[in-house]
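Take a look at the structure below.
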Amino acid sequence: DGSGFKPGSYVFLHTLAYTIRGFLESSLILDDEVLWDTGYSFAEKIMLKFEIQKKLNGAYYADFKGVGWYQCLTGNVQMAIIWLKIFQHTGDARFLNAASKAIDVVVKYQIKSPLNPNLKGAVAGSLPIYGRYMALRYPNWAVKFLADALMLEDQILTRI
């Protein structure tokens, strides 16, 4: 509770993904199983919801109830990176499968033929674009995380 910066509020998937990744990466650096288990359990819970609902919600409450009228596209690819890293660490193919699906969602909505050529390759903050996360904007970090996810996925798939 409070992860959305106010008691009882929700947290954007983007922020939640940063936190989960922090637990996982810290656990590897510090060789701390408690940190790993914490990050892993959050990542798995979100993955299972994604597999059932066929989408990630734009935000979540502390009880993991989702704010599902929009998606946070940045958070989608951040979760894909997390799931790919878990796959690398555990070999659990469920995480590779979910990561590939989450990446595909964002690639589907990446701007490929814009009227404004400056938007080519852009990724909206939210889907629909008027969603709560970075409404009506194309944050540069969304494309950065998409590129990171695609490169990590490619690295993993070439080794399988």
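In the structure tokens, the first chain shown is A, the next is B, and so on; residue numbers restart at 1 for each chain, and ligands run from 1 in the order shown.
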
Compile the contact shell of Ile160 (chain A) as an mmCIF file with N, CA, C and O atoms, in the first residue's frame: residues with an atom at most 12 Å away, counting only C-alpha atoms, same-chain residues fewer than 6 positions apart removed.
```
data_model
loop_
_atom_site.group_PDB
_atom_site.id
_atom_site.type_symbol
_atom_site.label_atom_id
_atom_site.label_comp_id
_atom_site.auth_asym_id
_atom_site.auth_seq_id
_atom_site.Cartn_x
_atom_site.Cartn_y
_atom_site.Cartn_z
ATOM 1 N N PHE A 87 13.648 -16.016 -16.988
ATOM 2 C CA PHE A 87 13.889 -17.194 -17.823
ATOM 3 C C PHE A 87 15.378 -17.516 -17.881
ATOM 4 O O PHE A 87 15.773 -18.681 -17.751
ATOM 5 N N GLN A 88 16.210 -16.501 -18.068
ATOM 6 C CA GLN A 88 17.656 -16.732 -18.119
ATOM 7 C C GLN A 88 18.161 -17.359 -16.827
ATOM 8 O O GLN A 88 19.058 -18.191 -16.849
ATOM 9 N N GLY A 91 15.291 -20.890 -16.406
ATOM 10 C CA GLY A 91 14.973 -21.795 -17.502
ATOM 11 C C GLY A 91 13.487 -22.100 -17.617
ATOM 12 O O GLY A 91 13.081 -22.932 -18.431
ATOM 13 N N ALA A 93 10.200 -21.809 -19.046
ATOM 14 C CA ALA A 93 9.732 -21.334 -20.349
ATOM 15 C C ALA A 93 8.446 -20.514 -20.268
ATOM 16 O O ALA A 93 8.138 -19.765 -21.196
ATOM 17 N N LEU A 96 9.515 -16.942 -20.672
ATOM 18 C CA LEU A 96 9.903 -16.612 -22.047
ATOM 19 C C LEU A 96 8.660 -16.425 -22.911
ATOM 20 O O LEU A 96 8.560 -15.473 -23.691
ATOM 21 N N GLU A 153 15.448 -10.537 -26.000
ATOM 22 C CA GLU A 153 14.705 -11.671 -26.556
ATOM 23 C C GLU A 153 15.505 -12.327 -27.682
ATOM 24 O O GLU A 153 15.622 -13.551 -27.748
ATOM 25 N N ASP A 154 16.069 -11.506 -28.571
ATOM 26 C CA ASP A 154 16.861 -12.034 -29.678
ATOM 27 C C ASP A 154 18.084 -12.798 -29.173
ATOM 28 O O ASP A 154 18.405 -13.885 -29.670
#
```

**Polymer residues at most 9 Å from region 41-52 of chain A, only C-alpha atoms, same-chain spacing of 4 or more positions, as a list in words** =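 In the requested format, the answer is Ala17, Ile20, Arg21, Trp36, Asp37, Leu56, Asn57, Phe64, Met79, Ile82, Trp83, Ile86, Arg94, Phe95, Ala98, Ala99 and Ala102 of chain A.
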
Export of the given selection (N, CA, C and O atoms) as an mmCIF file, in the first residue's frame:
```cif
data_model
loop_
_atom_site.group_PDB
_atom_site.id
_atom_site.type_symbol
_atom_site.label_atom_id
_atom_site.label_comp_id
_atom_site.auth_asym_id
_atom_site.auth_seq_id
_atom_site.Cartn_x
_atom_site.Cartn_y
_atom_site.Cartn_z
ATOM 1 N N ALA A 17 7.075 -2.278 -12.290
ATOM 2 C CA ALA A 17 8.134 -3.025 -12.972
ATOM 3 C C ALA A 17 9.520 -2.570 -12.500
ATOM 4 O O ALA A 17 10.414 -3.400 -12.304
ATOM 5 N N ILE A 20 10.009 -4.317 -9.121
ATOM 6 C CA ILE A 20 10.257 -5.758 -9.259
ATOM 7 C C ILE A 20 11.674 -6.001 -9.775
ATOM 8 O O ILE A 20 12.406 -6.837 -9.245
ATOM 9 N N ARG A 21 12.048 -5.257 -10.792
ATOM 10 C CA ARG A 21 13.393 -5.436 -11.353
ATOM 11 C C ARG A 21 14.451 -5.095 -10.312
ATOM 12 O O ARG A 21 15.489 -5.752 -10.239
ATOM 13 N N TRP A 36 15.260 -12.116 -4.092
ATOM 14 C CA TRP A 36 14.859 -12.845 -5.300
ATOM 15 C C TRP A 36 13.421 -13.334 -5.182
ATOM 16 O O TRP A 36 12.605 -13.139 -6.087
ATOM 17 N N ASP A 37 13.116 -13.982 -4.059
ATOM 18 C CA ASP A 37 11.779 -14.540 -3.866
ATOM 19 C C ASP A 37 10.701 -13.458 -3.915
ATOM 20 O O ASP A 37 9.612 -13.680 -4.464
ATOM 21 N N LEU A 56 -1.912 -6.896 -19.975
ATOM 22 C CA LEU A 56 -1.467 -6.331 -18.707
ATOM 23 C C LEU A 56 -2.275 -5.071 -18.440
ATOM 24 O O LEU A 56 -2.567 -4.311 -19.364
ATOM 25 N N ASN A 57 -2.634 -4.854 -17.208
ATOM 26 C CA ASN A 57 -3.365 -3.645 -16.852
ATOM 27 C C ASN A 57 -2.401 -2.464 -16.756
ATOM 28 O O ASN A 57 -1.208 -2.642 -16.520
ATOM 29 N N PHE A 64 -3.311 -6.381 -6.077
ATOM 30 C CA PHE A 64 -3.132 -6.786 -7.474
ATOM 31 C C PHE A 64 -4.412 -6.707 -8.301
ATOM 32 O O PHE A 64 -4.484 -7.233 -9.394
ATOM 33 N N MET A 79 8.041 -5.375 -18.111
ATOM 34 C CA MET A 79 7.726 -6.698 -17.570
ATOM 35 C C MET A 79 8.309 -7.780 -18.461
ATOM 36 O O MET A 79 8.794 -8.800 -17.972
ATOM 37 N N ILE A 82 11.851 -8.232 -17.482
ATOM 38 C CA ILE A 82 11.905 -8.962 -16.204
ATOM 39 C C ILE A 82 11.680 -10.448 -16.438
ATOM 40 O O ILE A 82 12.420 -11.295 -15.930
ATOM 41 N N TRP A 83 10.659 -10.777 -17.211
ATOM 42 C CA TRP A 83 10.358 -12.191 -17.462
ATOM 43 C C TRP A 83 11.480 -12.868 -18.241
ATOM 44 O O TRP A 83 11.800 -14.032 -17.991
ATOM 45 N N ILE A 86 14.192 -13.571 -15.755
ATOM 46 C CA ILE A 86 13.833 -14.727 -14.924
ATOM 47 C C ILE A 86 14.049 -16.011 -15.716
ATOM 48 O O ILE A 86 14.577 -16.994 -15.187
ATOM 49 N N ARG A 94 7.702 -20.616 -19.187
ATOM 50 C CA ARG A 94 6.495 -19.792 -19.034
ATOM 51 C C ARG A 94 6.853 -18.304 -19.133
ATOM 52 O O ARG A 94 6.111 -17.513 -19.707
ATOM 53 N N PHE A 95 7.999 -17.951 -18.554
ATOM 54 C CA PHE A 95 8.409 -16.552 -18.543
ATOM 55 C C PHE A 95 8.848 -16.094 -19.932
ATOM 56 O O PHE A 95 8.562 -14.966 -20.331
ATOM 57 N N ALA A 98 5.552 -15.612 -21.948
ATOM 58 C CA ALA A 98 4.833 -14.388 -21.573
ATOM 59 C C ALA A 98 5.576 -13.153 -22.076
ATOM 60 O O ALA A 98 4.951 -12.203 -22.568
ATOM 61 N N ALA A 99 6.889 -13.165 -21.977
ATOM 62 C CA ALA A 99 7.683 -12.020 -22.432
ATOM 63 C C ALA A 99 7.481 -11.781 -23.924
ATOM 64 O O ALA A 99 7.269 -10.637 -24.353
ATOM 65 N N ALA A 102 4.098 -10.214 -24.517
ATOM 66 C CA ALA A 102 4.034 -8.817 -24.073
ATOM 67 C C ALA A 102 4.761 -7.897 -25.054
ATOM 68 O O ALA A 102 4.294 -6.788 -25.345
#
```

Practice prompt. For each of A:Ala149, A:Val77, A:Ala59, A:Leu35, take the minimum atom-to-atom distance to Thr15 (chain A), counting only C-alpha atoms, then give the residue where this is smallest.
Written response: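 Once distances to Thr15 (chain A) are computed over only C-alpha atoms, the minimum belongs to A:Ala59.
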
Task: Residue among A:His14, A:Lys101, A:His89, A:Lys55 lying closest to Phe145 (chain A), counting only C-alpha atoms - done: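 Once distances to Phe145 (chain A) are computed over only C-alpha atoms, the minimum belongs to A:His14.
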
Write down as a list in words the residues belonging to chain A that are assigned strand (DSSP E) by DSSP computed on the backbone. Val11, Phe12, Ala59, Tyr60, Gly66, Val67, Gln71, Cys72, Ser126 and Leu127 of chain A

Could you save the residues just selected, with all heavy atoms, as a compact mmCIF listing (two decimals), in the first residue's frame?
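This went into part-v2.txt:
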```
# COMPACT_ATOMS: atom_id res chain seq x y z
N VAL A 11 -0.65 1.82 -8.45
CA VAL A 11 0.68 2.10 -8.97
C VAL A 11 0.69 1.76 -10.46
O VAL A 11 0.14 0.74 -10.87
CB VAL A 11 1.76 1.31 -8.20
CG1 VAL A 11 1.55 -0.19 -8.30
CG2 VAL A 11 3.16 1.68 -8.66
N PHE A 12 1.29 2.65 -11.28
CA PHE A 12 1.42 2.35 -12.70
C PHE A 12 2.27 1.10 -12.87
O PHE A 12 3.21 0.85 -12.11
CB PHE A 12 2.09 3.50 -13.45
CG PHE A 12 1.26 4.74 -13.55
CD1 PHE A 12 1.74 5.95 -13.07
CD2 PHE A 12 0.01 4.72 -14.16
CE1 PHE A 12 0.99 7.11 -13.18
CE2 PHE A 12 -0.75 5.87 -14.27
CZ PHE A 12 -0.26 7.07 -13.78
N ALA A 59 -2.32 -0.23 -14.44
CA ALA A 59 -1.94 0.02 -13.05
C ALA A 59 -2.54 -1.10 -12.18
O ALA A 59 -3.44 -1.82 -12.62
CB ALA A 59 -2.45 1.38 -12.60
N TYR A 60 -2.01 -1.18 -10.96
CA TYR A 60 -2.47 -2.20 -10.01
C TYR A 60 -2.56 -1.60 -8.62
O TYR A 60 -1.76 -0.75 -8.24
CB TYR A 60 -1.50 -3.40 -9.98
CG TYR A 60 -1.50 -4.19 -11.26
CD1 TYR A 60 -0.67 -3.86 -12.32
CD2 TYR A 60 -2.36 -5.27 -11.42
CE1 TYR A 60 -0.69 -4.57 -13.50
CE2 TYR A 60 -2.38 -6.00 -12.60
CZ TYR A 60 -1.54 -5.64 -13.64
OH TYR A 60 -1.57 -6.36 -14.81
N GLY A 66 -6.43 -4.96 -10.88
CA GLY A 66 -5.92 -4.11 -11.94
C GLY A 66 -6.83 -2.95 -12.32
O GLY A 66 -8.04 -3.02 -12.16
N VAL A 67 -6.22 -1.90 -12.81
CA VAL A 67 -6.93 -0.80 -13.46
C VAL A 67 -6.81 -1.13 -14.94
O VAL A 67 -5.79 -0.88 -15.57
CB VAL A 67 -6.28 0.56 -13.13
CG1 VAL A 67 -7.01 1.69 -13.85
CG2 VAL A 67 -6.24 0.79 -11.62
N GLN A 71 -3.77 0.21 -20.99
CA GLN A 71 -2.50 -0.49 -20.77
C GLN A 71 -1.37 0.54 -20.71
O GLN A 71 -1.45 1.58 -21.35
CB GLN A 71 -2.21 -1.46 -21.91
CG GLN A 71 -3.20 -2.61 -21.99
CD GLN A 71 -2.84 -3.55 -23.11
OE1 GLN A 71 -1.76 -4.12 -23.13
NE2 GLN A 71 -3.75 -3.70 -24.05
N CYS A 72 -0.36 0.23 -19.95
CA CYS A 72 0.86 1.03 -19.89
C CYS A 72 1.88 0.31 -20.77
O CYS A 72 2.47 -0.69 -20.36
CB CYS A 72 1.35 1.11 -18.44
SG CYS A 72 2.97 1.86 -18.23
N SER A 126 0.39 5.13 -23.16
CA SER A 126 -0.77 4.29 -22.83
C SER A 126 -1.49 3.82 -24.08
O SER A 126 -1.37 4.41 -25.15
CB SER A 126 -1.78 5.10 -22.00
OG SER A 126 -1.30 5.39 -20.72
N LEU A 127 -2.24 2.77 -23.92
CA LEU A 127 -3.14 2.27 -24.95
C LEU A 127 -4.51 2.11 -24.29
O LEU A 127 -4.63 1.32 -23.35
CB LEU A 127 -2.66 0.91 -25.47
CG LEU A 127 -3.56 0.26 -26.52
CD1 LEU A 127 -3.52 1.06 -27.81
CD2 LEU A 127 -3.18 -1.17 -26.75
```

Counting only C-alpha atoms, closest pick from A:Gly68, A:Asp31, A:Gly75, A:Lys54 relative to Leu16 (chain A) is A:Gly75
